[in-house]
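What's in data-v7.txt: compact mmCIF, C-alpha atoms
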# COMPACT_ATOMS: atom_id res chain seq x y z
CA MET A 1 77.34 -67.84 115.27
CA SER A 2 78.96 -65.70 117.95
CA ARG A 3 77.50 -62.48 119.17
CA PHE A 4 80.44 -60.48 117.79
CA ARG A 5 79.97 -61.86 114.26
CA LYS A 6 76.26 -60.85 114.28
CA ILE A 7 77.10 -57.28 115.29
CA ALA A 8 79.67 -57.03 112.46
CA LEU A 9 77.18 -58.18 109.80
CA VAL A 10 74.58 -55.62 110.91
CA ALA A 11 77.16 -52.84 110.72
CA VAL A 12 78.21 -53.81 107.17
CA ALA A 13 74.55 -53.88 105.98
CA ALA A 14 73.93 -50.42 107.42
CA VAL A 15 76.95 -49.02 105.59
CA VAL A 16 75.80 -50.50 102.26
CA LEU A 17 72.25 -49.13 102.55
CA GLY A 18 73.49 -45.70 103.49
CA GLY A 19 75.73 -45.52 100.43
CA ALA A 20 72.88 -46.43 98.11
CA GLY A 21 70.67 -43.69 99.57
CA LEU A 22 73.34 -41.04 99.12
CA ALA A 23 73.82 -42.04 95.48
CA ALA A 24 70.07 -41.69 94.77
CA LEU A 25 69.90 -38.27 96.37
CA SER A 26 72.84 -37.06 94.33
CA GLN A 27 70.99 -37.88 91.03
CA ALA A 28 67.65 -36.15 91.97
CA PRO A 29 67.09 -32.50 90.78
CA ALA A 30 67.74 -29.82 93.28
CA ASP A 31 64.37 -28.08 92.64
CA PRO A 32 61.43 -30.16 91.35
CA GLY A 33 59.58 -27.04 90.23
CA GLN A 34 62.48 -26.12 87.97
CA ASP A 35 61.82 -29.02 85.54
CA LYS A 36 58.08 -28.33 85.47
CA GLY A 37 58.67 -24.71 84.60
CA GLN A 38 61.09 -25.68 81.87
CA ASP A 39 58.55 -28.09 80.29
CA LYS A 40 55.82 -25.45 80.45
CA SER A 41 57.95 -22.84 78.72
CA GLU A 42 58.85 -25.30 75.97
CA GLY A 43 55.11 -26.14 75.39
CA GLU A 44 54.14 -22.49 75.24
CA GLY A 45 56.79 -21.88 72.63
CA ALA A 46 55.51 -24.69 70.43
CA GLY A 47 51.88 -23.48 70.72
CA ALA A 48 52.83 -19.94 69.80
CA ALA A 49 54.66 -21.21 66.76
CA GLY A 50 51.52 -23.23 65.67
CA ALA A 51 49.22 -20.22 66.05
CA ASP A 52 51.36 -18.15 63.73
CA ALA A 53 51.48 -20.85 61.03
CA PRO A 54 49.30 -20.14 57.90
CA VAL A 55 46.06 -22.12 57.64
CA PRO A 56 45.90 -24.27 54.46
CA VAL A 57 42.78 -23.36 52.46
CA ALA A 58 41.43 -23.86 48.95
CA LEU A 59 40.53 -20.72 46.99
CA ALA A 60 38.27 -20.03 44.00
CA PRO A 61 37.98 -16.89 41.88
CA VAL A 62 34.94 -14.65 41.64
CA ALA A 63 34.00 -15.04 37.96
CA ARG A 64 31.76 -12.88 35.79
CA GLN A 65 29.47 -14.81 33.42
CA ASP A 66 26.21 -14.49 31.49
CA VAL A 67 23.77 -16.42 33.64
CA PRO A 68 20.24 -17.50 32.58
CA VAL A 69 17.55 -16.92 35.20
CA TYR A 70 15.03 -19.73 35.64
CA LEU A 71 11.81 -20.34 37.54
CA ILE A 72 11.32 -23.89 38.80
CA ALA A 73 7.93 -25.55 39.34
CA GLN A 74 6.31 -28.95 39.43
CA GLY A 75 4.40 -29.81 36.27
CA THR A 76 2.06 -32.41 34.82
CA VAL A 77 2.25 -33.74 31.28
CA GLN A 78 -1.05 -33.52 29.39
CA ALA A 79 -2.02 -34.83 25.98
CA ARG A 80 -2.66 -32.14 23.43
CA ASN A 81 -5.72 -34.12 22.23
CA SER A 82 -7.36 -37.26 23.57
CA VAL A 83 -10.29 -38.90 21.78
CA THR A 84 -12.42 -41.82 22.95
CA VAL A 85 -13.47 -43.68 19.81
CA ASN A 86 -17.10 -44.88 19.85
CA PRO A 87 -19.11 -46.43 16.99
CA GLN A 88 -21.50 -43.98 15.34
CA ILE A 89 -24.04 -46.71 14.63
CA GLY A 90 -25.32 -49.22 17.16
CA GLY A 91 -26.76 -52.68 17.29
CA VAL A 92 -24.16 -54.14 14.91
CA ARG A 93 -21.43 -56.72 15.42
CA LEU A 94 -17.76 -55.81 15.63
CA VAL A 95 -16.11 -57.86 12.91
CA GLU A 96 -12.42 -56.99 13.22
CA LEU A 97 -9.94 -54.62 14.85
CA HIS A 98 -7.21 -53.22 12.61
CA PHE A 99 -4.81 -51.77 15.21
CA LYS A 100 -2.45 -53.03 17.88
CA GLU A 101 -2.67 -51.65 21.38
CA GLY A 102 0.06 -49.07 21.92
CA GLN A 103 0.50 -48.58 18.19
CA GLU A 104 0.97 -45.12 16.71
CA VAL A 105 -1.86 -44.39 14.29
CA LYS A 106 -2.44 -41.63 11.77
CA ARG A 107 -5.61 -39.70 11.14
CA GLY A 108 -7.80 -41.68 8.70
CA ASP A 109 -6.30 -45.09 9.49
CA LEU A 110 -8.83 -47.94 9.73
CA LEU A 111 -9.30 -48.94 13.36
CA ALA A 112 -12.26 -51.33 13.27
CA GLN A 113 -14.71 -52.94 10.86
CA LEU A 114 -18.35 -53.30 11.85
CA ASP A 115 -20.82 -55.64 10.15
CA PRO A 116 -21.83 -53.65 7.03
CA ARG A 117 -24.72 -55.80 5.75
CA ASN A 118 -27.62 -53.78 7.20
CA ALA A 119 -26.09 -50.49 6.10
CA GLN A 120 -25.35 -51.90 2.66
CA ALA A 121 -28.96 -53.05 2.30
CA GLY A 122 -30.22 -49.60 3.24
CA PHE A 123 -27.92 -48.03 0.69
CA ASP A 124 -29.06 -50.42 -2.04
CA GLU A 125 -32.71 -49.72 -1.20
CA ALA A 126 -32.23 -45.98 -1.40
CA THR A 127 -30.44 -46.35 -4.72
CA ALA A 128 -33.29 -48.42 -6.16
CA LYS A 129 -35.88 -45.91 -4.95
CA LEU A 130 -33.92 -43.15 -6.66
CA ARG A 131 -33.96 -45.00 -9.97
CA GLN A 132 -37.72 -45.56 -9.65
CA ASP A 133 -38.46 -41.93 -9.00
CA GLN A 134 -36.08 -40.80 -11.73
CA ALA A 135 -38.13 -42.89 -14.20
CA ALA A 136 -41.34 -41.31 -12.94
CA LEU A 137 -39.76 -37.87 -13.32
CA ALA A 138 -38.77 -38.67 -16.89
CA THR A 139 -42.35 -39.70 -17.70
CA ALA A 140 -43.82 -36.58 -16.13
CA ARG A 141 -41.42 -34.34 -18.01
CA SER A 142 -42.20 -36.07 -21.31
CA ASN A 143 -45.93 -35.65 -20.83
CA TYR A 144 -45.56 -32.03 -19.92
CA LEU A 145 -43.27 -31.25 -22.87
CA ARG A 146 -45.66 -32.99 -25.26
CA SER A 147 -48.68 -31.10 -23.94
CA SER A 148 -46.76 -27.84 -24.07
CA ASP A 149 -45.88 -28.28 -27.75
CA ALA A 150 -47.59 -25.80 -30.07
CA HIS A 151 -49.17 -28.62 -32.12
CA TYR A 152 -50.91 -30.18 -29.09
CA ARG A 153 -51.54 -27.19 -26.82
CA GLN A 154 -54.92 -26.46 -28.50
CA TYR A 155 -56.12 -29.95 -27.55
CA VAL A 156 -55.00 -29.78 -23.89
CA SER A 157 -56.94 -27.84 -21.34
CA LYS A 158 -55.17 -25.37 -19.12
CA LEU A 159 -56.11 -27.47 -16.10
CA ASP A 160 -54.43 -30.58 -17.50
CA LEU A 161 -51.35 -28.56 -18.43
CA ASP A 162 -51.05 -27.23 -14.87
CA THR A 163 -51.52 -30.74 -13.49
CA GLN A 164 -48.72 -32.08 -15.65
CA ARG A 165 -46.44 -29.21 -14.65
CA ASN A 166 -47.08 -29.94 -10.97
CA ALA A 167 -46.46 -33.65 -11.56
CA VAL A 168 -43.00 -32.81 -12.89
CA ALA A 169 -42.23 -30.69 -9.80
CA GLN A 170 -43.49 -33.45 -7.53
CA ALA A 171 -41.31 -36.05 -9.28
CA GLU A 172 -38.28 -33.74 -9.02
CA ALA A 173 -38.87 -33.42 -5.25
CA LEU A 174 -39.05 -37.20 -4.89
CA VAL A 175 -35.74 -37.56 -6.74
CA ALA A 176 -34.13 -34.96 -4.48
CA ALA A 177 -35.42 -36.83 -1.39
CA ASP A 178 -34.04 -40.07 -2.79
CA GLU A 179 -30.64 -38.49 -3.32
CA ALA A 180 -30.65 -37.31 0.29
CA ALA A 181 -31.62 -40.81 1.42
CA ILE A 182 -28.76 -42.26 -0.59
CA HIS A 183 -26.35 -39.79 1.01
CA ASN A 184 -27.60 -40.81 4.48
CA ALA A 185 -27.30 -44.50 3.61
CA ARG A 186 -23.77 -43.95 2.34
CA VAL A 187 -22.86 -42.21 5.60
CA GLN A 188 -24.28 -45.12 7.61
CA LEU A 189 -22.31 -47.52 5.45
CA ASP A 190 -19.15 -45.47 5.97
CA TYR A 191 -19.74 -45.63 9.73
CA THR A 192 -19.15 -49.37 9.59
CA ARG A 193 -15.49 -48.50 8.96
CA VAL A 194 -14.21 -46.82 12.14
CA LEU A 195 -11.35 -44.47 11.27
CA ALA A 196 -8.78 -42.74 13.50
CA PRO A 197 -9.92 -39.14 14.11
CA ILE A 198 -6.42 -37.83 15.07
CA ASP A 199 -2.76 -38.78 15.03
CA GLY A 200 -1.72 -40.44 18.26
CA ILE A 201 -1.13 -43.59 20.28
CA ALA A 202 -3.84 -46.22 20.51
CA GLY A 203 -4.55 -47.34 24.05
CA ILE A 204 -5.89 -50.65 25.35
CA ARG A 205 -8.99 -51.79 23.44
CA GLY A 206 -12.31 -51.71 25.24
CA VAL A 207 -14.10 -54.47 23.33
CA ASP A 208 -13.24 -57.66 21.48
CA PRO A 209 -14.29 -58.68 17.95
CA GLY A 210 -17.58 -60.58 17.84
CA ASN A 211 -19.37 -58.36 20.36
CA VAL A 212 -22.41 -56.32 19.41
CA VAL A 213 -21.55 -52.67 19.94
CA THR A 214 -23.63 -49.56 20.57
CA THR A 215 -22.90 -45.88 20.15
CA SER A 216 -21.68 -45.77 23.78
CA THR A 217 -19.19 -48.64 23.40
CA ASN A 218 -15.59 -47.54 23.96
CA LEU A 219 -13.54 -49.14 21.21
CA VAL A 220 -10.23 -47.44 22.09
CA THR A 221 -8.82 -44.12 23.30
CA ILE A 222 -6.32 -42.33 21.06
CA THR A 223 -3.97 -39.87 22.72
CA GLN A 224 -1.89 -37.33 20.83
CA VAL A 225 1.61 -37.17 22.30
CA ARG A 226 3.43 -35.21 19.59
CA PRO A 227 3.30 -32.34 20.29
CA ILE A 228 2.35 -32.49 23.97
CA TYR A 229 1.52 -30.07 26.80
CA VAL A 230 3.15 -29.65 30.21
CA SER A 231 1.08 -27.59 32.68
CA PHE A 232 2.47 -26.07 35.88
CA ASN A 233 1.70 -23.41 38.50
CA LEU A 234 3.79 -20.50 39.79
CA PRO A 235 3.25 -18.16 42.78
CA GLU A 236 1.36 -15.00 41.97
CA GLN A 237 4.40 -12.83 42.86
CA ASN A 238 6.06 -14.15 39.69
CA LEU A 239 3.15 -13.18 37.44
CA ASP A 240 4.50 -9.73 36.61
CA SER A 241 8.02 -10.96 35.75
CA VAL A 242 6.68 -13.78 33.56
CA TYR A 243 4.22 -11.51 31.77
CA ARG A 244 6.90 -8.88 31.10
CA ALA A 245 9.23 -11.57 29.75
CA THR A 246 6.55 -12.73 27.30
CA GLN A 247 6.18 -9.19 25.97
CA ALA A 248 9.77 -9.25 24.69
CA GLY A 249 8.57 -11.09 21.59
CA ALA A 250 10.44 -14.39 21.58
CA PRO A 251 8.67 -17.33 23.28
CA LEU A 252 10.09 -18.28 26.67
CA GLU A 253 12.13 -21.48 26.72
CA VAL A 254 10.96 -24.38 28.90
CA GLU A 255 12.67 -27.63 29.93
CA ALA A 256 11.18 -30.72 31.58
CA LEU A 257 13.39 -32.27 34.27
CA ASP A 258 13.23 -35.62 36.01
CA ARG A 259 11.88 -35.33 39.57
CA VAL A 260 14.41 -37.81 40.99
CA ASP A 261 17.82 -36.67 39.77
CA ALA A 262 16.85 -33.45 37.89
CA HIS A 263 18.33 -34.56 34.57
CA THR A 264 16.72 -33.12 31.44
CA VAL A 265 13.86 -35.29 30.18
CA ALA A 266 12.76 -33.04 27.32
CA ALA A 267 14.21 -29.80 26.03
CA GLY A 268 13.11 -27.34 23.37
CA GLY A 269 9.73 -26.52 24.91
CA SER A 270 8.14 -23.09 24.80
CA LEU A 271 5.60 -21.27 26.93
CA ASP A 272 2.26 -21.64 25.18
CA VAL A 273 -0.22 -19.72 27.33
CA ILE A 274 -0.66 -18.01 30.70
CA ASP A 275 -4.03 -18.61 32.32
CA ASN A 276 -6.33 -15.60 32.65
CA ALA A 277 -6.82 -15.75 36.42
CA VAL A 278 -4.98 -16.33 39.69
CA ASP A 279 -6.38 -19.11 41.85
CA PRO A 280 -7.38 -17.36 45.12
CA ALA A 281 -7.31 -20.64 47.04
CA THR A 282 -3.63 -21.34 46.34
CA GLY A 283 -2.29 -17.92 45.31
CA THR A 284 -0.86 -19.38 42.10
CA PHE A 285 -1.49 -18.96 38.40
CA LYS A 286 -1.43 -21.68 35.76
CA LEU A 287 0.83 -21.85 32.73
CA ARG A 288 1.02 -24.31 29.86
CA SER A 289 4.07 -25.14 27.77
CA LEU A 290 4.29 -26.98 24.46
CA PHE A 291 6.91 -29.62 23.60
CA GLY A 292 7.55 -31.26 20.24
CA ASN A 293 8.23 -34.50 22.17
CA ASP A 294 10.26 -36.19 19.47
CA PRO A 295 11.35 -38.77 20.55
CA ARG A 296 8.47 -39.55 22.90
CA ALA A 297 10.14 -38.70 26.23
CA LEU A 298 6.96 -37.31 27.83
CA TRP A 299 3.75 -39.25 28.46
CA PRO A 300 0.35 -37.92 29.55
CA GLY A 301 -0.08 -38.00 33.32
CA GLN A 302 3.67 -37.94 33.99
CA PHE A 303 4.98 -35.65 36.74
CA VAL A 304 8.07 -33.57 35.93
CA ASN A 305 9.88 -30.51 37.17
CA VAL A 306 9.57 -27.55 34.84
CA ARG A 307 12.35 -25.01 34.33
CA LEU A 308 11.15 -21.79 32.71
CA LYS A 309 13.84 -19.43 31.43
CA LEU A 310 12.89 -15.83 32.20
CA ARG A 311 15.94 -13.92 31.00
CA THR A 312 19.74 -13.89 31.02
CA VAL A 313 21.77 -11.82 33.50
CA ALA A 314 24.69 -10.32 31.59
CA GLY A 315 27.95 -10.50 33.54
CA GLY A 316 26.68 -12.06 36.76
CA LEU A 317 29.21 -12.74 39.55
CA VAL A 318 29.42 -16.47 40.34
CA ILE A 319 31.22 -18.35 43.13
CA PRO A 320 31.11 -21.98 44.33
CA ALA A 321 28.33 -22.69 46.80
CA GLN A 322 30.90 -24.09 49.28
CA ALA A 323 32.31 -20.60 49.75
CA LEU A 324 29.06 -19.23 51.15
CA GLN A 325 28.78 -19.16 54.95
CA ARG A 326 25.69 -18.49 57.04
CA SER A 327 25.38 -16.45 60.21
CA PRO A 328 22.59 -14.75 62.18
CA ASP A 329 23.66 -11.47 60.59
CA GLY A 330 23.42 -12.80 57.03
CA ASP A 331 25.53 -14.52 54.42
CA TYR A 332 29.27 -13.97 54.14
CA VAL A 333 32.44 -15.37 52.58
CA TYR A 334 36.10 -15.37 53.57
CA LEU A 335 37.77 -13.06 51.06
CA LEU A 336 41.54 -13.25 50.48
CA GLN A 337 43.44 -10.00 51.16
CA PRO A 338 46.71 -8.84 49.51
CA ASP A 339 48.70 -9.72 52.67
CA GLN A 340 47.55 -13.37 52.49
CA THR A 341 45.03 -12.91 55.30
CA VAL A 342 41.27 -13.37 55.07
CA LYS A 343 38.37 -11.03 55.74
CA MET A 344 34.75 -11.84 56.57
CA GLN A 345 32.96 -10.24 53.62
CA PRO A 346 29.12 -9.89 53.82
CA VAL A 347 27.41 -10.77 50.53
CA LYS A 348 23.92 -10.73 49.05
CA VAL A 349 22.91 -13.87 47.16
CA ALA A 350 20.95 -13.27 43.95
CA GLY A 351 20.15 -16.92 43.32
CA GLU A 352 21.42 -20.46 43.05
CA VAL A 353 23.37 -21.37 39.92
CA GLY A 354 22.73 -25.02 39.14
CA ASP A 355 23.58 -27.38 42.00
CA SER A 356 27.05 -26.17 42.92
CA GLN A 357 27.29 -22.40 42.47
CA VAL A 358 25.58 -19.19 43.55
CA MET A 359 25.27 -15.79 41.92
CA ILE A 360 26.23 -12.82 44.09
CA GLY A 361 24.18 -9.66 43.85
CA ALA A 362 26.37 -7.46 46.06
CA GLY A 363 29.51 -7.65 48.20
CA LEU A 364 32.12 -9.03 45.79
CA ARG A 365 34.06 -7.89 42.74
CA GLU A 366 35.33 -9.80 39.76
CA GLY A 367 38.82 -11.19 40.26
CA GLY A 368 38.55 -11.61 44.02
CA ARG A 369 39.37 -14.97 45.57
CA VAL A 370 37.21 -16.62 48.20
CA VAL A 371 37.86 -19.59 50.49
CA VAL A 372 36.02 -22.74 49.50
CA GLU A 373 37.71 -25.24 51.86
CA GLY A 374 39.16 -24.84 55.35
CA GLN A 375 36.80 -22.15 56.66
CA PHE A 376 36.26 -23.90 60.02
CA ARG A 377 39.81 -23.00 61.10
CA LEU A 378 39.58 -19.36 60.06
CA LYS A 379 38.79 -16.12 61.81
CA PRO A 380 39.09 -12.55 60.53
CA GLY A 381 42.76 -11.73 59.96
CA SER A 382 43.97 -15.34 59.81
CA LYS A 383 46.94 -15.98 57.56
CA VAL A 384 46.26 -18.61 54.90
CA LYS A 385 48.24 -20.84 52.58
CA PRO A 386 46.53 -21.73 49.26
CA VAL A 387 46.33 -25.44 48.49
CA ALA A 388 44.66 -27.46 45.73
CA ALA A 389 40.92 -27.98 46.12
CA THR A 390 39.27 -31.39 46.25
CA ALA A 391 37.66 -32.78 43.12
CA THR A 392 34.14 -31.76 44.25
CA VAL A 393 35.10 -28.14 44.76
CA ALA A 394 37.17 -28.08 41.57
CA LEU A 395 34.11 -29.09 39.56
CA ALA A 396 32.10 -26.30 41.16
CA THR A 397 34.67 -23.60 40.39
CA PRO A 398 33.22 -21.00 37.96
CA THR A 399 34.31 -21.43 34.36
CA THR A 400 33.66 -19.54 31.15
CA SER A 401 30.48 -21.51 30.53
CA ALA A 402 27.10 -19.97 31.33
CA PRO A 403 25.45 -21.64 34.34
CA SER A 404 21.85 -21.07 35.29
CA VAL A 405 20.22 -19.29 38.20
CA SER A 406 17.26 -21.03 39.82
CA ALA A 407 16.15 -20.27 43.34
CA PRO A 408 12.95 -21.64 44.92
CA ALA A 409 10.33 -19.35 46.38
CA THR A 410 7.31 -20.08 48.56
CA GLY A 411 4.56 -22.18 47.03
CA ALA A 412 5.75 -23.60 43.72
CA SER A 413 9.51 -23.46 43.20
CA ALA A 414 10.57 -20.20 41.61
CA ALA A 415 13.39 -17.69 41.55
CA PRO A 416 13.18 -14.96 44.21
CA ALA A 417 12.40 -11.38 43.33
CA SER A 418 16.09 -10.46 43.40
CA ALA A 419 16.81 -12.97 40.66
CA ALA A 420 13.57 -12.94 38.72
CA ARG A 421 12.91 -9.25 38.40

Show me the file's structure as structure tokens.
Amino acid sequence: MSRFRKIALVAVAAVVLGGAGLAALSQAPADPGQDKGQDKSEGEGAGAAGADAPVPVALAPVARQDVPVYLIAQGTVQARNSVTVNPQIGGVRLVELHFKEGQEVKRGDLLAQLDPRNAQAGFDEATAKLRQDQAALATARSNYLRSSDAHYRQYVSKLDLDTQRNAVAQAEALVAADEAAIHNARVQLDYTRVLAPIDGIAGIRGVDPGNVVTTSTNLVTITQVRPIYVSFNLPEQNLDSVYRATQAGAPLEVEALDRVDAHTVAAGGSLDVIDNAVDPATGTFKLRSLFGNDPRALWPGQFVNVRLKLRTVAGGLVIPAQALQRSPDGDYVYLLQPDQTVKMQPVKVAGEVGDSQVMIGAGLREGGRVVVEGQFRLKPGSKVKPVAATATVALATPTTSAPSVSAPATGASAAPASAAR
């Protein structure tokens, strides 16, 4: 290629590259900072619009209801009566058992039969001795009556008459002793039939038929389960409120609850007795309740939670527990205002109502509406938009039914002074 041709090609390439550069520069913005400022202003506008948008929240009304006040404690089921059945005669063979283990027995039912032959022989012997002495008594009385007759008295000395009189008295004493011996023999014979001393449930037998038993042999233990006791302890600070409640006249109602899921195991119980002293070691006092236990839902030795009804608060203010918020300054709720904003309203909790509600002692009025969902996005003065609550909160919303107040205290579970007094 000639030198001239090379120079021409280089010139053409330079012209092409220069044109491309000018085209690129013509499409670039005149001021790079202008676009950045425009984007920033657009973002600030969107953020301001989001801050002014109402916050979606779920609301629940402040309802007024009659609320029972309960004290909660851990309790132990105890048999009303428990009897260990032992033979009342010893050295005899157990012939037969007349009960099944775990069977319900009634007072007077035959539980066991002991070998009756020795006792029967003793009874027969005492009966024969009675007949012998009764014959001797009849002879003595006949002799005395004959000697006392007016036709024979002149032939009988006074000494013989006194002797015959004393013989009659002696024979009468022997007959009386024989009658007592017969009674004792009959009792011993009756002891060969072991009867149930109380109504209850027969436990596992302690001996098998064929064994020789003594008076210390445990045949079976019978436990009365209907009615049945449930004993529990409460802190001493609740003593005054419980005692005052018992003075109202009607017995206090008691329920036994399962310790796992708190469902009612037995209802219809009543407070039976308050112990006469406070235990200084634990600072608690003991109470005992009585349950009919029909059907047999409670068993001796079982652990349950006890719910003692102290009184009923007429017209208590109730809100869902989800509405309550905690802070270092105390409890509060977000209360809806007429302008659709919310206010941080301090409240005083009087006690827990079941598992999902609380009773308010001060800070709210009936008819107010509190936030139960969406509080984490709120601050005082935030605008809100009511939305439907979730199923959990909807179930906790106060209704016209009467929930219960139960709030634990130190020691055994119990309602605090604000709820119990």

Could you give me, as a Markdown table, a per-residue list for segment 123-150 of chain A showing, wherever an atom lies at most 9 Å from an atom of segment 160-165 of chain A, the closest pair of atoms and their distance in Å to one decimal, using all atoms listed in the file and sorting by chain then residue number from low to high?
| residue | atom | partner | partner_atom | distance |
| --- | --- | --- | --- | --- |
| A:Ala140 | CA | A:Gln164 | CA | 6.7 |
| A:Arg141 | CA | A:Arg165 | CA | 7.9 |
| A:Asn143 | CA | A:Gln164 | CA | 6.9 |
| A:Tyr144 | CA | A:Gln164 | CA | 5.3 |
| A:Ser147 | CA | A:Leu161 | CA | 6.6 |
| A:Ser148 | CA | A:Leu161 | CA | 7.3 |

For this session: Identify which of the residues A:Arg64, A:Asn238, A:Ala323, A:Gly206 lies closest to Ser356 of chain A, counting only C-alpha atoms when measuring atom-to-atom distances.
Result: A:Ala323

Exercise. Could you work out how far atom CA of Val67 of chain A lies from atom CA of Ala245 of chain A, giving the answer in Å with one decimal?
Worked result: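 Separating atom CA of Ala245 of chain A from atom CA of Val67 of chain A is a distance of 15.8 Å.
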
Exercise. What residues have an atom no more than 12 Å from (-29.6, -38.7, -2.5) in the file's own frame, counting all atoms listed in the file, and can you write them as a ChimeraX atom specification?
Worked result: /A:123-131,133-134,172-187

Would you mind listing what lies within 10 Å of segment 101-112 of chain A as a JSON list (two decimals) with C-alpha atoms, keeping the file's coordinate frame, with all atoms listed in the file counted and same-chain residues fewer than 4 positions away left out?
[["chain", "number", "residue", "atom", "x", "y", "z"],
["A", 85, "VAL", "CA", -13.47, -43.68, 19.81],
["A", 87, "PRO", "CA", -19.11, -46.43, 16.99],
["A", 94, "LEU", "CA", -17.76, -55.81, 15.63],
["A", 95, "VAL", "CA", -16.11, -57.86, 12.91],
["A", 96, "GLU", "CA", -12.42, -56.99, 13.22],
["A", 97, "LEU", "CA", -9.94, -54.62, 14.85],
["A", 192, "THR", "CA", -19.15, -49.37, 9.59],
["A", 193, "ARG", "CA", -15.49, -48.50, 8.96],
["A", 194, "VAL", "CA", -14.21, -46.82, 12.14],
["A", 195, "LEU", "CA", -11.35, -44.47, 11.27],
["A", 196, "ALA", "CA", -8.78, -42.74, 13.50],
["A", 197, "PRO", "CA", -9.92, -39.14, 14.11],
["A", 198, "ILE", "CA", -6.42, -37.83, 15.07],
["A", 199, "ASP", "CA", -2.76, -38.78, 15.03],
["A", 200, "GLY", "CA", -1.72, -40.44, 18.26],
["A", 201, "ILE", "CA", -1.13, -43.59, 20.28],
["A", 202, "ALA", "CA", -3.84, -46.22, 20.51],
["A", 203, "GLY", "CA", -4.55, -47.34, 24.05],
["A", 204, "ILE", "CA", -5.89, -50.65, 25.35],
["A", 205, "ARG", "CA", -8.99, -51.79, 23.44],
["A", 209, "PRO", "CA", -14.29, -58.68, 17.95],
["A", 219, "LEU", "CA", -13.54, -49.14, 21.21],
["A", 220, "VAL", "CA", -10.23, -47.44, 22.09],
["A", 221, "THR", "CA", -8.82, -44.12, 23.30],
["A", 222, "ILE", "CA", -6.32, -42.33, 21.06],
["A", 223, "THR", "CA", -3.97, -39.87, 22.72],
["A", 224, "GLN", "CA", -1.89, -37.33, 20.83],
["A", 225, "VAL", "CA", 1.61, -37.17, 22.30]]

Exercise. So how far away is atom CA of Val347 of chain A from atom CA of Phe376 of chain A, in Å?
Worked result: 18.5 Å

For Val370 of chain A, find every residue with an atom within 10 Å (counting all atoms listed in the file), except residues of its own chain fewer than 3 positions away, and show them as a PDB file with C-alpha atoms, in the frame of the given file.
ATOM      1  CA  VAL A  57      42.780 -23.360  52.460  1.00  0.00           C
ATOM      2  CA  ALA A  58      41.430 -23.860  48.950  1.00  0.00           C
ATOM      3  CA  LEU A  59      40.530 -20.720  46.990  1.00  0.00           C
ATOM      4  CA  ALA A  60      38.270 -20.030  44.000  1.00  0.00           C
ATOM      5  CA  PRO A  61      37.980 -16.890  41.880  1.00  0.00           C
ATOM      6  CA  VAL A  62      34.940 -14.650  41.640  1.00  0.00           C
ATOM      7  CA  ILE A 319      31.220 -18.350  43.130  1.00  0.00           C
ATOM      8  CA  PRO A 320      31.110 -21.980  44.330  1.00  0.00           C
ATOM      9  CA  GLN A 322      30.900 -24.090  49.280  1.00  0.00           C
ATOM     10  CA  ALA A 323      32.310 -20.600  49.750  1.00  0.00           C
ATOM     11  CA  LEU A 324      29.060 -19.230  51.150  1.00  0.00           C
ATOM     12  CA  VAL A 333      32.440 -15.370  52.580  1.00  0.00           C
ATOM     13  CA  TYR A 334      36.100 -15.370  53.570  1.00  0.00           C
ATOM     14  CA  LEU A 335      37.770 -13.060  51.060  1.00  0.00           C
ATOM     15  CA  LEU A 336      41.540 -13.250  50.480  1.00  0.00           C
ATOM     16  CA  GLN A 337      43.440 -10.000  51.160  1.00  0.00           C
ATOM     17  CA  VAL A 342      41.270 -13.370  55.070  1.00  0.00           C
ATOM     18  CA  LYS A 343      38.370 -11.030  55.740  1.00  0.00           C
ATOM     19  CA  MET A 344      34.750 -11.840  56.570  1.00  0.00           C
ATOM     20  CA  GLN A 345      32.960 -10.240  53.620  1.00  0.00           C
ATOM     21  CA  LEU A 364      32.120  -9.030  45.790  1.00  0.00           C
ATOM     22  CA  GLY A 367      38.820 -11.190  40.260  1.00  0.00           C
ATOM     23  CA  GLU A 373      37.710 -25.240  51.860  1.00  0.00           C
TER      24      GLU A 373
END

For this session: Could you jot down the atom CA of Gly75 of chain A to atom CA of Asn233 of chain A separation for me, Å, one decimal place?
Result: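 Interatomic distance, atom CA of Gly75 of chain A to atom CA of Asn233 of chain A: 7.3 Å.
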
For this session: Go through A:Gln120, A:Gly381, A:Glu236, A:Thr341 and flag the residue nearest Ala281 of chain A, using all atoms listed in the file for the distances.
Result: A:Glu236

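Closest approach to Val260 of chain A among A:Val230, A:Ala63, A:Val304, A:Val358 is made by A:Val304 (distances from only C-alpha atoms).
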
For this session: Using only C-alpha atoms, determine which residues lie at most 12 Å from Asp294 of chain A, disregarding the query and same-chain residues fewer than 5 positions distant; provide the list as a ChimeraX atom specification.
Result: /A:225-228,265-269,299

Problem set entry | Nearby residues, (-27.4, -49.1, 15.3) file frame, 9 Å, only C-alpha atoms, as a list in words |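 Neighbouring residues, ordered by chain and number, come to Pro87, Gln88, Ile89, Gly90, Gly91, Val92, Val213, Thr214 and Thr215 of chain A.
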
Enclose segment 207-225 of chain A, meaning all of its atoms listed in the file, in a box aligned along x, y and z, pad it by 6 Å on each side, and list the centre and edge lengths in Å to one decimal, as AutoDock Vina command-line options.
--center_x -11.0 --center_y -48.9 --center_z 20.9 --size_x 37.2 --size_y 35.4 --size_z 18.1

For this session: Write out as a list in words each polymer residue whose atoms come within 10 Å of Lys348 of chain A, counting all atoms listed in the file; drop sequence neighbours fewer than 2 positions from it.
Result: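 After dropping sequence-adjacent residues, the list is Gly330, Asp331, Tyr332, Pro346, Ala350, Gly351, Met359, Ile360, Gly361, Ala362, Gly363, Leu364 and Ser418 of chain A.
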